[in-house]
$ cat target_39.csv   # CSV, C-alpha atoms (C1' of nucleotides)
chain,number,residue,atom,x,y,z
A,27,MET,CA,220.9,106.7,284.7
A,28,SER,CA,222.7,104.1,286.7
A,29,LYS,CA,222.6,100.4,285.8
A,30,PHE,CA,220.5,99.8,288.8
A,31,GLU,CA,217.8,102.2,287.6
A,32,ALA,CA,218.1,101.0,284.1
A,33,SER,CA,217.5,97.4,284.9
A,34,ASN,CA,215.4,98.1,288.0
A,35,THR,CA,212.3,96.9,286.4
A,36,ASP,CA,213.9,93.7,285.1
A,37,LEU,CA,214.7,92.6,288.6
A,38,THR,CA,212.5,90.5,290.8
A,39,LYS,CA,211.2,91.8,294.1
A,40,ASN,CA,213.9,90.2,296.2
A,41,GLN,CA,216.6,91.2,293.8
A,42,ASN,CA,215.4,94.8,294.0
A,43,LEU,CA,215.3,94.8,297.7
A,44,VAL,CA,218.8,93.5,298.0
A,45,MET,CA,220.1,95.9,295.3
A,46,GLY,CA,218.4,98.7,297.2
A,47,ALA,CA,220.1,97.8,300.4
A,48,LEU,CA,223.5,97.7,298.8
A,49,SER,CA,222.9,100.9,296.9
A,50,GLN,CA,222.0,102.8,300.0
A,51,ALA,CA,224.9,101.5,302.0
A,52,ASN,CA,228.1,103.5,301.9
A,53,GLY,CA,230.2,100.4,302.1
A,54,PRO,CA,230.2,96.7,301.6
A,55,LEU,CA,227.6,94.6,303.4
A,56,SER,CA,227.7,91.0,304.4
A,57,ALA,CA,224.8,88.7,303.3
A,58,TYR,CA,223.6,88.4,306.8
A,59,THR,CA,223.6,92.1,307.4
A,60,ILE,CA,221.5,92.5,304.3
A,61,LEU,CA,219.2,89.8,305.6
A,62,ASP,CA,218.8,91.7,308.9
A,63,GLU,CA,218.0,94.9,307.0
A,64,LEU,CA,215.4,93.2,304.9
A,65,ARG,CA,213.6,91.3,307.7
A,66,GLU,CA,211.1,94.1,307.9
A,67,HIS,CA,210.4,93.5,304.2
A,68,GLY,CA,209.6,89.9,304.8
A,69,PHE,CA,213.0,88.2,304.4
A,70,ARG,CA,213.5,85.3,306.7
A,71,ALA,CA,216.3,83.1,305.4
A,72,PRO,CA,219.9,83.5,304.1
A,73,LEU,CA,219.0,81.8,300.9
A,74,GLN,CA,216.7,84.6,299.9
A,75,VAL,CA,219.7,87.0,300.1
A,76,TYR,CA,222.2,84.6,298.5
A,77,ARG,CA,219.9,83.9,295.5
A,78,ALA,CA,219.4,87.5,294.8
A,79,LEU,CA,223.1,88.2,295.2
A,80,ASP,CA,224.0,85.5,292.8
A,81,LYS,CA,221.9,87.0,290.2
A,82,LEU,CA,223.0,90.6,290.8
A,83,VAL,CA,226.6,89.5,290.7
A,84,GLU,CA,225.9,87.7,287.4
A,85,LEU,CA,224.4,90.8,286.0
A,86,GLY,CA,227.4,92.9,287.1
A,87,LEU,CA,225.4,95.1,289.4
A,88,VAL,CA,227.1,93.8,292.4
A,89,HIS,CA,230.6,92.7,293.2
A,90,ARG,CA,231.7,90.2,295.8
A,91,LEU,CA,234.7,91.1,297.9
A,92,GLU,CA,236.6,87.9,298.5
A,93,SER,CA,238.7,89.2,301.3
A,94,LEU,CA,235.8,90.5,303.2
A,95,ASN,CA,233.1,87.9,302.5
A,96,ALA,CA,230.9,90.9,301.6
A,97,PHE,CA,229.2,92.5,298.7
A,98,VAL,CA,229.2,96.0,297.2
A,99,ALA,CA,227.0,97.7,294.6
A,100,CYS,CA,228.9,98.4,291.4
A,101,GLN,CA,230.1,101.9,291.3
A,102,HIS,CA,230.3,102.5,287.6
A,103,SER,CA,228.5,101.4,284.4
A,104,SER,CA,231.0,99.2,282.5
A,105,CYS,CA,230.9,96.0,284.5
A,106,GLY,CA,228.0,94.2,283.0
A,107,GLY,CA,229.3,94.1,279.5
A,108,ASP,CA,232.5,92.3,280.2
A,109,LYS,CA,232.5,88.6,281.0
A,110,ARG,CA,235.7,88.9,283.1
A,111,GLU,CA,235.5,91.0,286.1
A,112,ASN,CA,237.9,93.7,285.0
A,113,VAL,CA,237.8,95.6,288.2
A,114,LEU,CA,239.7,95.9,291.3
A,115,PHE,CA,239.0,97.3,294.7
A,116,ALA,CA,240.7,99.6,297.2
A,117,ILE,CA,239.4,98.7,300.6
A,118,CYS,CA,240.1,101.1,303.5
A,119,GLU,CA,240.9,99.2,306.6
A,120,THR,CA,240.0,102.3,308.7
A,121,CYS,CA,236.6,103.5,307.5
A,122,GLY,CA,235.6,100.4,305.7
A,123,LYS,CA,234.8,102.2,302.4
A,124,VAL,CA,235.5,100.6,299.1
A,125,GLN,CA,236.6,102.2,295.9
A,126,GLU,CA,236.1,100.3,292.7
A,127,LEU,CA,238.8,100.9,290.1
A,128,VAL,CA,239.4,100.1,286.5
A,129,ASP,CA,243.0,100.2,285.4
A,130,GLU,CA,243.9,99.1,282.0
A,131,ARG,CA,247.6,99.1,282.7
A,132,LEU,CA,247.2,96.8,285.7
A,133,LEU,CA,244.9,94.5,283.8
A,134,ASP,CA,247.4,94.3,280.9
A,135,THR,CA,250.2,93.5,283.3
A,136,VAL,CA,248.1,90.7,284.8
A,137,LYS,CA,247.2,89.3,281.5
A,138,ASN,CA,250.8,89.4,280.4
A,139,LEU,CA,251.9,87.6,283.5
A,140,ALA,CA,249.3,84.9,283.1
A,141,GLU,CA,250.4,84.3,279.6
A,142,ASN,CA,254.0,84.1,280.6
A,143,GLU,CA,253.1,81.5,283.2
A,144,ASP,CA,251.0,79.5,280.7
A,145,PHE,CA,248.0,80.2,282.9
A,146,SER,CA,244.7,80.6,281.2
A,147,LEU,CA,243.0,83.4,283.1
A,148,SER,CA,239.3,83.3,283.8
A,149,LYS,CA,239.0,86.0,286.5
A,150,SER,CA,241.3,88.0,288.6
A,151,VAL,CA,240.7,88.9,292.2
A,152,ILE,CA,242.5,92.1,293.1
A,153,GLU,CA,241.8,93.7,296.4
A,154,LEU,CA,244.1,96.4,297.8
A,155,ARG,CA,244.1,96.9,301.5
A,156,GLY,CA,245.2,100.1,303.2
A,157,LYS,CA,244.0,103.6,304.1
A,158,CYS,CA,241.9,105.8,301.8
A,159,GLY,CA,242.7,109.5,301.3
A,160,SER,CA,240.3,110.7,304.0
A,161,CYS,CA,241.7,108.3,306.6
A,162,GLN,CA,245.4,109.2,306.2
A,163,PRO,CA,247.1,111.6,308.6
A,164,SER,CA,247.3,114.9,306.9
B,7,MET,CA,267.3,74.4,302.9
B,8,SER,CA,263.7,75.6,302.9
B,9,LYS,CA,262.4,78.2,305.3
B,10,PHE,CA,260.4,75.5,307.0
B,11,GLU,CA,263.5,73.4,307.7
B,12,ALA,CA,265.4,76.5,308.7
B,13,SER,CA,262.9,77.7,311.3
B,14,ASN,CA,261.7,74.2,312.1
B,15,THR,CA,263.2,74.2,315.5
B,16,ASP,CA,261.8,77.6,316.4
B,17,LEU,CA,258.2,76.5,315.9
B,18,THR,CA,256.1,75.0,318.6
B,19,LYS,CA,254.8,71.5,318.4
B,20,ASN,CA,251.4,72.6,317.0
B,21,GLN,CA,252.9,75.0,314.6
B,22,ASN,CA,255.2,72.3,313.3
B,23,LEU,CA,252.3,69.8,312.9
B,24,VAL,CA,250.3,72.4,310.9
B,25,MET,CA,253.3,73.4,308.8
B,26,GLY,CA,254.0,69.7,308.1
B,27,ALA,CA,250.5,69.1,306.9
B,28,LEU,CA,250.6,72.1,304.6
B,29,SER,CA,254.1,71.2,303.3
B,30,GLN,CA,253.1,67.7,302.4
B,31,ALA,CA,249.9,68.7,300.7
B,32,ASN,CA,250.1,69.5,297.0
B,33,GLY,CA,247.6,72.2,297.2
B,34,PRO,CA,245.8,74.5,299.6
B,35,LEU,CA,244.1,73.1,302.7
B,36,SER,CA,241.2,74.5,304.7
B,37,ALA,CA,241.7,74.9,308.4
B,38,TYR,CA,239.2,72.2,309.0
B,39,THR,CA,240.9,69.8,306.7
B,40,ILE,CA,244.1,70.4,308.6
B,41,LEU,CA,242.3,69.7,311.8
B,42,ASP,CA,241.0,66.4,310.5
B,43,GLU,CA,244.5,65.4,309.4
B,44,LEU,CA,245.9,66.2,312.8
B,45,ARG,CA,243.3,64.5,314.9
B,46,GLU,CA,245.6,61.5,315.1
B,47,HIS,CA,248.2,63.7,316.6
B,48,GLY,CA,245.9,65.0,319.3
B,49,PHE,CA,244.3,68.0,317.7
B,50,ARG,CA,240.7,68.4,318.9
B,51,ALA,CA,239.5,71.9,318.2
B,52,PRO,CA,239.7,74.4,315.3
B,53,LEU,CA,241.4,76.9,317.5
B,54,GLN,CA,244.5,74.8,317.7
B,55,VAL,CA,244.8,75.0,314.0
B,56,TYR,CA,243.9,78.7,313.7
B,57,ARG,CA,246.4,79.7,316.3
B,58,ALA,CA,249.2,77.9,314.5
B,59,LEU,CA,248.1,79.3,311.2
B,60,ASP,CA,248.1,82.8,312.5
B,61,LYS,CA,251.7,82.5,313.6
B,62,LEU,CA,252.8,80.8,310.4
B,63,VAL,CA,251.2,83.4,308.3
B,64,GLU,CA,252.9,86.1,310.4
B,65,LEU,CA,256.2,84.4,309.9
B,66,GLY,CA,255.6,84.3,306.1
B,67,LEU,CA,255.8,80.5,306.0
B,68,VAL,CA,252.2,80.2,305.1
B,69,HIS,CA,249.8,82.3,302.9
B,70,ARG,CA,246.1,82.6,303.2
B,71,LEU,CA,244.1,82.4,300.0
B,72,GLU,CA,241.2,84.8,300.5
B,73,SER,CA,239.2,83.6,297.6
B,74,LEU,CA,239.3,80.0,298.8
B,75,ASN,CA,239.3,80.4,302.6
B,76,ALA,CA,242.3,78.1,302.6
B,77,PHE,CA,246.0,78.1,303.3
B,78,VAL,CA,249.2,77.1,301.4
B,79,ALA,CA,252.8,76.6,302.4
B,80,CYS,CA,255.0,79.3,301.0
B,81,GLN,CA,256.7,78.1,297.9
B,82,HIS,CA,259.8,80.2,298.0
B,83,SER,CA,262.2,81.9,300.4
B,84,SER,CA,261.6,85.6,300.1
B,85,CYS,CA,258.3,86.1,301.8
B,86,GLY,CA,259.4,86.3,305.4
B,87,GLY,CA,261.6,89.3,305.0
B,88,ASP,CA,259.1,91.7,303.6
B,89,LYS,CA,256.3,93.1,305.7
B,90,ARG,CA,254.0,93.5,302.8
B,91,GLU,CA,252.9,90.3,301.2
B,92,ASN,CA,254.5,90.8,297.8
B,93,VAL,CA,253.2,87.7,296.3
B,94,LEU,CA,250.3,86.7,294.1
B,95,PHE,CA,248.7,83.4,293.4
B,96,ALA,CA,247.5,81.6,290.3
B,97,ILE,CA,244.8,79.2,291.4
B,98,CYS,CA,243.8,76.4,288.9
B,99,GLU,CA,240.1,75.9,289.0
B,100,THR,CA,240.5,72.5,287.5
B,101,CYS,CA,243.2,70.7,289.5
B,102,GLY,CA,243.1,73.0,292.5
B,103,LYS,CA,246.9,73.5,292.5
B,104,VAL,CA,248.3,76.9,293.4
B,105,GLN,CA,251.3,78.6,292.0
B,106,GLU,CA,252.9,81.4,294.0
B,107,LEU,CA,254.3,84.2,292.0
B,108,VAL,CA,256.4,87.2,292.5
B,109,ASP,CA,256.3,89.8,289.8
B,110,GLU,CA,258.0,93.1,290.3
B,111,ARG,CA,256.3,94.7,287.3
B,112,LEU,CA,252.9,93.9,288.6
B,113,LEU,CA,253.7,95.0,292.1
B,114,ASP,CA,255.1,98.3,290.7
B,115,THR,CA,251.9,98.8,288.8
B,116,VAL,CA,249.8,98.2,291.9
B,117,LYS,CA,251.9,100.6,294.0
B,118,ASN,CA,251.7,103.2,291.2
B,119,LEU,CA,247.9,102.9,291.0
B,120,ALA,CA,247.6,103.1,294.8
B,121,GLU,CA,249.6,106.3,294.8
B,122,ASN,CA,247.6,107.9,292.1
B,123,GLU,CA,244.4,107.1,294.0
B,124,ASP,CA,245.9,108.5,297.2
B,125,PHE,CA,245.5,105.2,298.7
B,126,SER,CA,248.1,104.1,301.3
B,127,LEU,CA,248.7,100.5,300.6
B,128,SER,CA,249.2,98.0,303.4
B,129,LYS,CA,248.7,94.8,301.5
B,130,SER,CA,247.5,93.6,298.2
B,131,VAL,CA,245.4,90.5,297.6
B,132,ILE,CA,245.9,89.2,294.1
B,133,GLU,CA,244.6,85.9,293.2
B,134,LEU,CA,244.3,84.8,289.6
B,135,ARG,CA,241.7,82.2,288.7
B,136,GLY,CA,241.8,80.0,285.7
B,137,LYS,CA,243.5,76.9,284.3
B,138,CYS,CA,247.2,76.0,284.8
B,139,GLY,CA,249.3,74.7,282.0
B,140,SER,CA,248.7,71.0,282.8
B,141,CYS,CA,245.0,71.5,282.8
B,142,GLN,CA,244.7,73.3,279.5
B,143,PRO,CA,243.6,71.4,276.3
B,144,SER,CA,246.8,70.8,274.3
C,19,DG,C1',259.4,80.1,345.1
C,20,DC,C1',256.7,83.2,342.5
C,21,DA,C1',255.1,86.3,339.1
C,22,DA,C1',254.9,87.1,334.1
C,23,DT,C1',254.4,85.5,329.7
C,24,DG,C1',253.3,82.6,325.9
C,25,DA,C1',251.4,78.2,324.4
C,26,DT,C1',247.8,74.9,324.9
C,27,DG,C1',243.2,72.7,325.8
C,28,DT,C1',238.2,72.8,325.7
C,29,DA,C1',233.5,74.3,325.1
C,30,DA,C1',230.5,77.3,323.3
C,31,DT,C1',229.2,80.5,320.0
C,32,DA,C1',229.2,83.5,315.9
C,33,DT,C1',229.3,84.0,311.0
C,34,DA,C1',229.1,82.5,306.1
C,35,DA,C1',227.1,79.4,302.7
C,36,DT,C1',224.6,75.5,300.8
C,37,DA,C1',221.3,71.4,300.4
C,38,DA,C1',216.9,69.6,300.0
C,39,DC,C1',212.4,70.0,299.3
C,40,DA,C1',207.8,72.3,298.9
C,41,DT,C1',205.1,75.9,296.9
C,42,DC,C1',203.8,79.8,294.0
C,43,DA,C1',203.3,82.8,289.8
C,44,DC,C1',203.0,83.1,285.3
C,45,DA,C1',203.4,82.0,280.5
C,46,DT,C1',202.6,78.5,276.8
C,47,DT,C1',200.3,75.0,274.8
C,48,DT,C1',196.5,72.2,274.0
D,6,DA,C1',189.7,76.0,281.0
D,7,DA,C1',193.2,72.3,282.0
D,8,DA,C1',197.8,70.7,281.7
D,9,DT,C1',202.5,71.8,281.5
D,10,DG,C1',207.0,74.1,282.0
D,11,DT,C1',209.8,77.4,284.1
D,12,DG,C1',211.8,80.5,287.2
D,13,DA,C1',211.2,82.7,291.6
D,14,DT,C1',210.1,81.9,296.5
D,15,DG,C1',209.7,80.1,301.1
D,16,DT,C1',211.3,77.2,304.8
D,17,DT,C1',214.1,74.0,307.5
D,18,DA,C1',218.1,71.9,308.3
D,19,DT,C1',222.8,71.4,307.7
D,20,DT,C1',227.6,72.3,306.5
D,21,DA,C1',231.7,75.2,306.5
D,22,DT,C1',234.5,78.8,308.4
D,23,DA,C1',236.1,81.5,312.3
D,24,DT,C1',236.2,83.6,317.0
D,25,DT,C1',235.2,84.4,322.1
D,26,DA,C1',235.9,83.1,326.7
D,27,DC,C1',238.0,80.9,330.1
D,28,DA,C1',240.9,77.3,332.3
D,29,DT,C1',245.5,75.1,332.5
D,30,DC,C1',250.3,74.3,331.6
D,31,DA,C1',255.4,75.4,330.6
D,32,DT,C1',259.2,78.4,330.7
D,33,DT,C1',261.7,82.3,331.9
D,34,DG,C1',263.3,86.0,334.9
D,35,DC,C1',263.3,87.8,339.3
$ encode --input "target_39.csv" --output "structure tokens"
Amino acid sequence: MSKFEASNTDLTKNQNLVMGALSQANGPLSAYTILDELREHGFRAPLQVYRALDKLVELGLVHRLESLNAFVACQHSSCGGDKRENVLFAICETCGKVQELVDERLLDTVKNLAENEDFSLSKSVIELRGKCGSCQPS
Amino acid sequence: MSKFEASNTDLTKNQNLVMGALSQANGPLSAYTILDELREHGFRAPLQVYRALDKLVELGLVHRLESLNAFVACQHSSCGGDKRENVLFAICETCGKVQELVDERLLDTVKNLAENEDFSLSKSVIELRGKCGSCQPS
DNA sequence: GCAATGATGTAATATAATAACATCACATTT
DNA sequence: AAATGTGATGTTATTATATTACATCATTGC
């Protein structure tokens, strides 16, 4: 059971609609793309989308991609528990698909670096850009 | 001699003005902030700023901070040579200052991870958020 | 001179995000 | 039932960020 399904009933109508749109998409969506998709369901203003997104991000069901100004549904089940967003993303510049990754070694390295620099880390934004396996010349 | 000074004469008038604004600032600036600062020098439209920024980023003299939609002057002299942006940023959420870092170990870890995931890396966006040394409770 | 190229100027538009304020739904208390 | 509090919604307007399209100017090479 996915986190979405698990907490499905806890979400409000708008949150559910936005979560549904992101879950069905096979890549990240911008807030305005979501708005357009949900117009048939009664959405009329950006704020309806942004408010839902804020909550979904807070719950760990959705992640924001800073380098795309877009949002993706969380692809695994361990995000909600941790306060810090311990995930990173591999964004294919060819097909647009995004893979969500967790890598303890990378996170440790980041934490270590922050400590060495006397920087008190609250969150790390790590977004890799390049070509995914399917989009590379074979 | 900084890279800015070194290539100063190669830059066009607008590029020089934008570079100057960023060099004087003690933190990142948005394109529109730069525009406002340069109005007295004849700037009138966003595009004048964006065009200069594009070139400066390409030259490695300026970096774009994806999570802030803002730009900073490069803080060291090794950026221009490398095609991939092998730098990361520690962004203080209290004072707004940004520290530009190079960390071979972190970069290796990233490259390694990308390889394991069959992801052909073109660029990595790494932006740490938190509190810098000066802003932490002592 | 004249074409090619790159830089610039300007207006308009597209895209992303928030502010401000009114209303609604529902639970709690009295 | 009435009053109240709270969180979710709806709506309009505005602010912030970035790009498109097109005209003009400067420099270089022929």
$ interface_residues --input "target_39.csv" --of "chain A" --to "chain C" --cutoff "12 Å" --atoms "all atoms listed in the file" --output "list in words"
Ser56, Ala57, Tyr58, Thr59, Ala71, Pro72, Leu73, Gln74, Val75, Tyr76, Arg77, Glu92, Leu94, Asn95 and Ala96 of chain A
$ residues_around --input "target_39.csv" --residues "B:Ser29" --least-positions-apart "2" --cutoff "10 Å" --atoms "only C-alpha atoms (C1' of nucleotides)" --output "PyMOL selection string"
chain B and resi 10+23-27+31-34+67-68+78-81
$ closest_residue --input "target_39.csv" --among "B:Ala96, B:Leu107, B:Leu113, B:Leu35" --to "B:Leu127" --atoms "all atoms listed in the file"
B:Leu113
$ interface_residues --input "target_39.csv" --of "chain D" --to "chain B" --cutoff "9 Å" --atoms "all atoms listed in the file" --output "PyMOL selection string"
chain D and resi 21-24
$ interface_residues --input "target_39.csv" --of "chain B" --to "chain A" --cutoff "9 Å" --atoms "all atoms listed in the file" --output "count of residues only"
32
$ atom_distance --input "target_39.csv" --atom1 "atom CA of A:Glu63" --atom2 "atom CA of A:Arg90"
18.3 Å
$ closest_residue --input "target_39.csv" --among "A:Leu48, A:Asn112, A:Lys81, A:Cys121" --to "D:DA13" --atoms "all atoms listed in the file"
A:Lys81
